[in-house]
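Please read the structure below before turning to the comments.
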Amino acid sequence: MSDDIPEGTRRAERSDHSPLNWLLLVPLFATLIPLLYNRESPKLFDIPFFYWYQLAAISIGVTATLIVYLKTRR
Amino acid sequence: MFDNVNVVQLTVFTLLFVAVSVLGFLAARWRRADDLEHLDEWGLGGRNFGSWVTWFLIGGDLYTAYTFVAVPALVFGAGAIGFFAVPYTIVVYPIVFLVVIRLWSVSHVHGFVTPADFVRARHGSSTLALLVAITGIVATMPYIALQLVGIEAVLKAMGVTGHVPIIVAFAILAAYTYSSGLRAPALIAFVKDALIYVVIIVAVIVIPYKLGGWDAIFGAAEAKFAASPNPADGVLLGGPAQLQYATLAFGSALALFLYPHSITAVLASRDRNVIKRNMAALPAYSFILGLLALLGYMAIKAEIVPIGADADAGLPGDSNTIVPLLFDQMFPSWFAGVAMAAIGIGALVPAAIMSIAAANLWTRNIYVEYINKDATPKQEAKSSKLASLVVKAGALVAIIALDPEFSIDLQLIGGIIILQTLPAVALGLYTRWFHRWALIAGWAAGMVVGFWATYQIEQRIFTSATEFTVKKEHFGGSAFPLANLGFDTDKLIYAGFLAIVVNLLVCVIATFIFRALKLAEGDDATKTSEYFADRDDPRLRDLPEVVQ
């Protein structure tokens with residue numbers, strides 16, 4: 001496999017590894033389990049929970065990707 | 001052709017349409033390259049788009065006109081299940097965040113233009129690359145055709161019928177895509193998205209106000225679904241639909257960045273940070289899409305009747321027309337015209353990018369691979385430009401000559417088949433553990449399962465909670481009953497999800513078998529460090545020949 005081939009020394013030590021990458025899983029858990037939010041109440045501005053929760057969950061996705069981006073840019 | 005036309009609407013629509021067409025032609029001069037006769041220039045806009053351009057471009061590319069009419073139409077007809085578009089477009093960015101930057105890096109170094117280019121170099125298999133290319137083209141073609149359905153819905157709502165306006169619109173689109181390449185949709189995307197944002201924000205403020213508030217809107221939706229005999233619809237998900245909702249969102253998210261047009265837009269960006277930044281910023285569009293989905297309920301409250309609907313004859317009509325009709329009813333004519341234009345122009349951007357992506361696949365992975373092995377960059381660009389015309393003509397014929405239903409079925413399957421390239425493309429970015437022939441076997445198995453599953457799905461029209469007539473025997477949707485596999489359950493699952501699970505299983509098992517049989521492995525033309533390369537790193541084509 002290519003991973004065994006020794007790399008040129010100059011740029012060999014790069015990687016995308018970061019413990020923060022695990023944050024990217026948070027939005028999946030927050031939105032892919034309908035059991036968590038398939039409910040009418042509590043309502044917000046008369047909008048059922050099912051709808052406003054998922055719209056609000058967009059910010060969970062944004063926060064996760066934003067943190068990973070800011071902490072891993074180079 | 002022009003009976004009962006709303007003149008003000010049509011005038012505003014036409015003016016905006018002409019304006020973006022001019023923009024499309026001028027785009028050839030924008031960020032002008034020394035030489036547009038290279039696929040990097042025509043097909044990838046110079047591989048140099050910054051954060052803003054990329055945001056508008058990918059946003060304009062992924063959130064298509066068809067999405068904008070079909071998602072609210074689904075909510076209008078079935079309720080909560082249509083809202084899957086929101087979790088889908090939430091999870092897609094965290095899922096692909098780390099994957100697309102690897103793809104960008106290795107493509108930057110090697111000058112890959114298509115996903116199949118990568119597959120060929122990575123797995124050393126031209127057969128696998130050809131399969132990926134054909135899958136991409138087949139999945140993209142009906143998607144382009146559906147953009148025409150989006151334009152048609154808008155024209156119908158304005159009272160314009162017949163095919164001539166669509167042919168004219170597509171001919172103009174084809175002409176400026178031919179001359180400007182990816183720069184045209186990139187520039188037009190600014191206008192398209194600005195219009196969409198204004199229209200949707202105005203719509204979610206003004207329309208609920210006019211309809212008596214959200215309580216009245218959701219009340220009307222609940223009343224509609226309570227009265228409907230279909231047990232699957234409702235403002236909340238029914239029991240069997242929860243798994244379907246989650247797998248549909250997840251499966252669609254996995255598929256989205258495998259589409260050639262998504263990859264084209266990613267590869268057009270300047271560096272890794274541009275992509276990362278966009279993964280965090282693109283969900284702004286998801287928010288707009290979520291608000292748009294709610295227009296489906298507003299249409300219920302506003303008692304919109306889809307064009308062609310006839311309750312006595314049991315005809316549901318063209319539900320894609322409900323959003324344009326809602327705009328027509330709720331807004332003054334001039335603003336309704338702006339809203340119609342937003343959707344109409346919204347069709348042009350993805351249609352252009354999709355045709356470019358399909359054309360690049362044709363050129364790089366079929367034309368250069370099998371027809372003209374020594375093609376010069378100029379010949380490559382020429383081939384792509386011509387292919388983009390053919391692709392658009394094909395989409396036009398598909399809508400005009402065939403039943404548009406055919407394109408809708410194909411697009412449904414398109415999402416499922418493009419997902420079958422996941423092991424070769426997305427997993428291939430991480431590992432070469434899979435044997436190249438195992439990837440081919442997995443692809444084939446996924447295709448068979450995907451077709452088999454969707455073939456079995458009926459479209460039913462319920463006459464009471466338990467009785468129904470079958471409207472379509474096959475390809476009636478993507479919700480596959482697990483009971484068909486012998487499970488004792490009423491749960492539904494996204495057919496594409498089932499297909500990719502089988503695909504992966506076959507990939508793993510076949511890899512063990514082929515290794516045991518000592519079947520020849522392919523060579524890997526890529527190096528690990530290349531998956532982390534950034535803008536300043538050397539590209540192979542900048543290096544002298546001997547180094548390659």
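Just so we're on the same page: first chain in the structure tokens is A, next is B, and so on; residues restart at 1 for each chain, and ligands are numbered from 1 in the order they show up.
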Taking only C-alpha atoms into account, what are the residues of chain B at most 6 Å from chain A, put as an mmCIF file with C-alpha atoms, in the first residue's frame?
```cif
data_model
loop_
_atom_site.group_PDB
_atom_site.id
_atom_site.type_symbol
_atom_site.label_atom_id
_atom_site.label_comp_id
_atom_site.auth_asym_id
_atom_site.auth_seq_id
_atom_site.Cartn_x
_atom_site.Cartn_y
_atom_site.Cartn_z
ATOM 1 C CA PRO B 87 -31.700 16.956 8.414
ATOM 2 C CA ILE B 90 -27.614 19.557 8.081
ATOM 3 C CA VAL B 91 -25.648 16.309 8.233
ATOM 4 C CA PRO B 94 -20.088 17.452 8.767
ATOM 5 C CA TRP B 214 -48.559 29.730 12.106
ATOM 6 C CA ASP B 215 -51.232 28.279 14.325
ATOM 7 C CA ALA B 246 -33.548 9.034 9.029
ATOM 8 C CA LYS B 276 -13.693 24.149 5.010
ATOM 9 C CA ALA B 280 -19.584 25.871 7.850
ATOM 10 C CA LYS B 527 0.974 9.151 -2.466
ATOM 11 C CA THR B 528 -0.261 9.642 1.087
ATOM 12 C CA SER B 529 1.165 13.145 1.393
#
```
Contacts of segment 409-412 of chain B at 10 Å (only C-alpha atoms; same-chain gap of 4+ positions) as an MDAnalysis selection string
chainID B and resid 138:146 404:405 416:417 454 474:478 495:496
Would you output that residue set with C-alpha atoms, as a short mmCIF file (atom, residue, chain, number, x, y, z; two decimals), in the first residue's frame?
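As written to disk, out-v8.cif reads:
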```cif
data_model
loop_
_atom_site.label_atom_id
_atom_site.label_comp_id
_atom_site.auth_asym_id
_atom_site.auth_seq_id
_atom_site.Cartn_x
_atom_site.Cartn_y
_atom_site.Cartn_z
CA VAL B 138 -26.61 8.52 -15.93
CA ALA B 139 -27.38 9.98 -12.50
CA THR B 140 -26.86 13.56 -13.69
CA MET B 141 -28.86 13.52 -16.94
CA PRO B 142 -32.33 13.18 -15.38
CA TYR B 143 -31.33 15.75 -12.75
CA ILE B 144 -30.74 18.26 -15.54
CA ALA B 145 -34.07 17.33 -17.07
CA LEU B 146 -35.78 18.00 -13.75
CA PRO B 404 -41.62 14.05 -17.39
CA GLU B 405 -42.61 11.30 -14.96
CA ILE B 416 -29.52 5.54 -5.42
CA ILE B 417 -27.05 4.65 -8.16
CA THR B 454 -37.32 0.60 -6.25
CA HIS B 474 -43.14 0.10 -9.97
CA PHE B 475 -40.73 2.92 -9.10
CA GLY B 476 -43.43 4.54 -6.97
CA GLY B 477 -41.00 6.08 -4.49
CA SER B 478 -37.89 5.27 -2.49
CA ALA B 495 -33.95 1.93 -0.89
CA GLY B 496 -30.58 3.57 -1.53
#
```
Residues flagged alpha helix (DSSP H) by DSSP in segment 16-72 of chain A, as a PyMOL selection string
chain A and resi 26-31+49-72
Restrict the selected residues to N, CA and C atoms and save them as a PDB file, in the first residue's frame.
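File written: part_20.pdb
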```pdb
ATOM      1  N   VAL A  26     -21.560  15.103  16.186  1.00  0.00           N
ATOM      2  CA  VAL A  26     -22.654  15.634  17.003  1.00  0.00           C
ATOM      3  C   VAL A  26     -23.913  15.954  16.182  1.00  0.00           C
ATOM      4  N   PRO A  27     -23.788  16.671  15.051  1.00  0.00           N
ATOM      5  CA  PRO A  27     -24.995  16.973  14.279  1.00  0.00           C
ATOM      6  C   PRO A  27     -25.736  15.726  13.805  1.00  0.00           C
ATOM      7  N   LEU A  28     -24.993  14.639  13.575  1.00  0.00           N
ATOM      8  CA  LEU A  28     -25.650  13.405  13.123  1.00  0.00           C
ATOM      9  C   LEU A  28     -26.561  12.849  14.210  1.00  0.00           C
ATOM     10  N   PHE A  29     -26.018  12.799  15.433  1.00  0.00           N
ATOM     11  CA  PHE A  29     -26.845  12.305  16.528  1.00  0.00           C
ATOM     12  C   PHE A  29     -28.024  13.241  16.788  1.00  0.00           C
ATOM     13  N   ALA A  30     -27.806  14.516  16.593  1.00  0.00           N
ATOM     14  CA  ALA A  30     -28.860  15.492  16.898  1.00  0.00           C
ATOM     15  C   ALA A  30     -30.016  15.434  15.904  1.00  0.00           C
ATOM     16  N   THR A  31     -29.749  14.962  14.674  1.00  0.00           N
ATOM     17  CA  THR A  31     -30.810  15.058  13.666  1.00  0.00           C
ATOM     18  C   THR A  31     -31.254  13.732  13.066  1.00  0.00           C
ATOM     19  N   PHE A  49     -42.773  21.444  17.623  1.00  0.00           N
ATOM     20  CA  PHE A  49     -41.385  21.168  17.986  1.00  0.00           C
ATOM     21  C   PHE A  49     -40.607  20.528  16.842  1.00  0.00           C
ATOM     22  N   PHE A  50     -41.250  19.554  16.174  1.00  0.00           N
ATOM     23  CA  PHE A  50     -40.626  18.840  15.062  1.00  0.00           C
ATOM     24  C   PHE A  50     -39.974  19.810  14.083  1.00  0.00           C
ATOM     25  N   TYR A  51     -40.618  20.902  13.790  1.00  0.00           N
ATOM     26  CA  TYR A  51     -40.123  21.828  12.761  1.00  0.00           C
ATOM     27  C   TYR A  51     -39.107  22.819  13.307  1.00  0.00           C
ATOM     28  N   TRP A  52     -39.458  23.442  14.430  1.00  0.00           N
ATOM     29  CA  TRP A  52     -38.503  24.473  14.902  1.00  0.00           C
ATOM     30  C   TRP A  52     -37.242  23.846  15.447  1.00  0.00           C
ATOM     31  N   TYR A  53     -37.334  22.635  16.006  1.00  0.00           N
ATOM     32  CA  TYR A  53     -36.127  21.975  16.509  1.00  0.00           C
ATOM     33  C   TYR A  53     -35.149  21.713  15.366  1.00  0.00           C
ATOM     34  N   GLN A  54     -35.669  21.181  14.273  1.00  0.00           N
ATOM     35  CA  GLN A  54     -34.759  20.847  13.169  1.00  0.00           C
ATOM     36  C   GLN A  54     -34.171  22.100  12.532  1.00  0.00           C
ATOM     37  N   LEU A  55     -34.997  23.157  12.450  1.00  0.00           N
ATOM     38  CA  LEU A  55     -34.437  24.414  11.936  1.00  0.00           C
ATOM     39  C   LEU A  55     -33.346  24.919  12.881  1.00  0.00           C
ATOM     40  N   ALA A  56     -33.604  24.783  14.187  1.00  0.00           N
ATOM     41  CA  ALA A  56     -32.603  25.230  15.161  1.00  0.00           C
ATOM     42  C   ALA A  56     -31.362  24.341  15.117  1.00  0.00           C
ATOM     43  N   ALA A  57     -31.550  23.073  14.767  1.00  0.00           N
ATOM     44  CA  ALA A  57     -30.427  22.136  14.739  1.00  0.00           C
ATOM     45  C   ALA A  57     -29.414  22.496  13.648  1.00  0.00           C
ATOM     46  N   ILE A  58     -29.835  23.310  12.689  1.00  0.00           N
ATOM     47  CA  ILE A  58     -28.880  23.766  11.677  1.00  0.00           C
ATOM     48  C   ILE A  58     -27.697  24.445  12.365  1.00  0.00           C
ATOM     49  N   SER A  59     -28.004  25.177  13.447  1.00  0.00           N
ATOM     50  CA  SER A  59     -26.928  25.877  14.154  1.00  0.00           C
ATOM     51  C   SER A  59     -25.970  24.899  14.843  1.00  0.00           C
ATOM     52  N   ILE A  60     -26.468  23.705  15.197  1.00  0.00           N
ATOM     53  CA  ILE A  60     -25.570  22.688  15.769  1.00  0.00           C
ATOM     54  C   ILE A  60     -24.562  22.261  14.705  1.00  0.00           C
ATOM     55  N   GLY A  61     -25.069  22.029  13.500  1.00  0.00           N
ATOM     56  CA  GLY A  61     -24.180  21.644  12.405  1.00  0.00           C
ATOM     57  C   GLY A  61     -23.157  22.723  12.112  1.00  0.00           C
ATOM     58  N   VAL A  62     -23.634  23.975  12.075  1.00  0.00           N
ATOM     59  CA  VAL A  62     -22.735  25.088  11.773  1.00  0.00           C
ATOM     60  C   VAL A  62     -21.653  25.209  12.851  1.00  0.00           C
ATOM     61  N   THR A  63     -22.082  25.112  14.120  1.00  0.00           N
ATOM     62  CA  THR A  63     -21.124  25.257  15.226  1.00  0.00           C
ATOM     63  C   THR A  63     -20.036  24.184  15.138  1.00  0.00           C
ATOM     64  N   ALA A  64     -20.450  22.942  14.901  1.00  0.00           N
ATOM     65  CA  ALA A  64     -19.473  21.848  14.843  1.00  0.00           C
ATOM     66  C   ALA A  64     -18.456  22.078  13.720  1.00  0.00           C
ATOM     67  N   THR A  65     -18.942  22.356  12.497  1.00  0.00           N
ATOM     68  CA  THR A  65     -18.022  22.527  11.373  1.00  0.00           C
ATOM     69  C   THR A  65     -17.168  23.780  11.560  1.00  0.00           C
ATOM     70  N   LEU A  66     -17.777  24.819  12.138  1.00  0.00           N
ATOM     71  CA  LEU A  66     -17.036  26.061  12.326  1.00  0.00           C
ATOM     72  C   LEU A  66     -15.867  25.868  13.295  1.00  0.00           C
ATOM     73  N   ILE A  67     -16.130  25.170  14.402  1.00  0.00           N
ATOM     74  CA  ILE A  67     -15.058  24.938  15.380  1.00  0.00           C
ATOM     75  C   ILE A  67     -13.933  24.121  14.739  1.00  0.00           C
ATOM     76  N   VAL A  68     -14.304  23.062  14.048  1.00  0.00           N
ATOM     77  CA  VAL A  68     -13.272  22.223  13.431  1.00  0.00           C
ATOM     78  C   VAL A  68     -12.485  23.039  12.399  1.00  0.00           C
ATOM     79  N   TYR A  69     -13.186  23.837  11.619  1.00  0.00           N
ATOM     80  CA  TYR A  69     -12.473  24.664  10.632  1.00  0.00           C
ATOM     81  C   TYR A  69     -11.497  25.634  11.305  1.00  0.00           C
ATOM     82  N   LEU A  70     -12.003  26.374  12.305  1.00  0.00           N
ATOM     83  CA  LEU A  70     -11.171  27.408  12.931  1.00  0.00           C
ATOM     84  C   LEU A  70      -9.954  26.814  13.628  1.00  0.00           C
ATOM     85  N   LYS A  71     -10.134  25.629  14.227  1.00  0.00           N
ATOM     86  CA  LYS A  71      -9.035  25.045  14.982  1.00  0.00           C
ATOM     87  C   LYS A  71      -8.055  24.256  14.115  1.00  0.00           C
ATOM     88  N   THR A  72      -8.462  23.936  12.898  1.00  0.00           N
ATOM     89  CA  THR A  72      -7.561  23.098  12.092  1.00  0.00           C
ATOM     90  C   THR A  72      -7.014  23.817  10.862  1.00  0.00           C
TER      91      THR A  72
END
```
Hey, what's within 7 Å of Ala479 of chain B if we count only C-alpha atoms and toss same-chain stuff fewer than 3 positions away? As a VMD selection string, please?
chain B and resid 244 492 to 495
Could you tell me how far atom CA of Asp193 of chain B sits from atom CA of Gly346 of chain B, in Å to one decimal place?
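Going from atom CA of Gly346 of chain B over to atom CA of Asp193 of chain B, I get 7.7 Å.
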Hey, can you check how far atom CA of Tyr367 of chain B sits from atom CA of Ala444 of chain B?
23.4 Å
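Compared by their closest atoms to Thr135 of chain B, and using only C-alpha atoms, the residues B:Ser286, B:Asn273, B:Thr489, B:Thr421 rank with B:Thr421 nearest.
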All residues 10 Å or closer to Gly124 of chain B, only C-alpha atoms, same chain fewer than 2 positions away omitted, as a PyMOL selection string
chain B and resi 118-122+126-129+436+521-525
Nearby residues (only C-alpha atoms) at most 8 Å from Ser21 of chain B, same-chain spacing under 3 positions excluded, as a VMD selection string:
chain B and resid 17 to 18 24 to 25 172 to 173 176
Nearest to Ala438 of chain B by atom-to-atom distance, counting only C-alpha atoms, from B:Leu389, B:Ile509, B:Ala347, B:Val425
B:Ile509
Close residues, segment 38-55 of chain B itself excluded, 8 Å, only C-alpha atoms, min 5 positions apart in chain, as a PyMOL selection string
chain B and resi 33+113+180-183+186-187+190+264-271+274-275+277-278+281-282+356-357+360+377-378+380-381+384
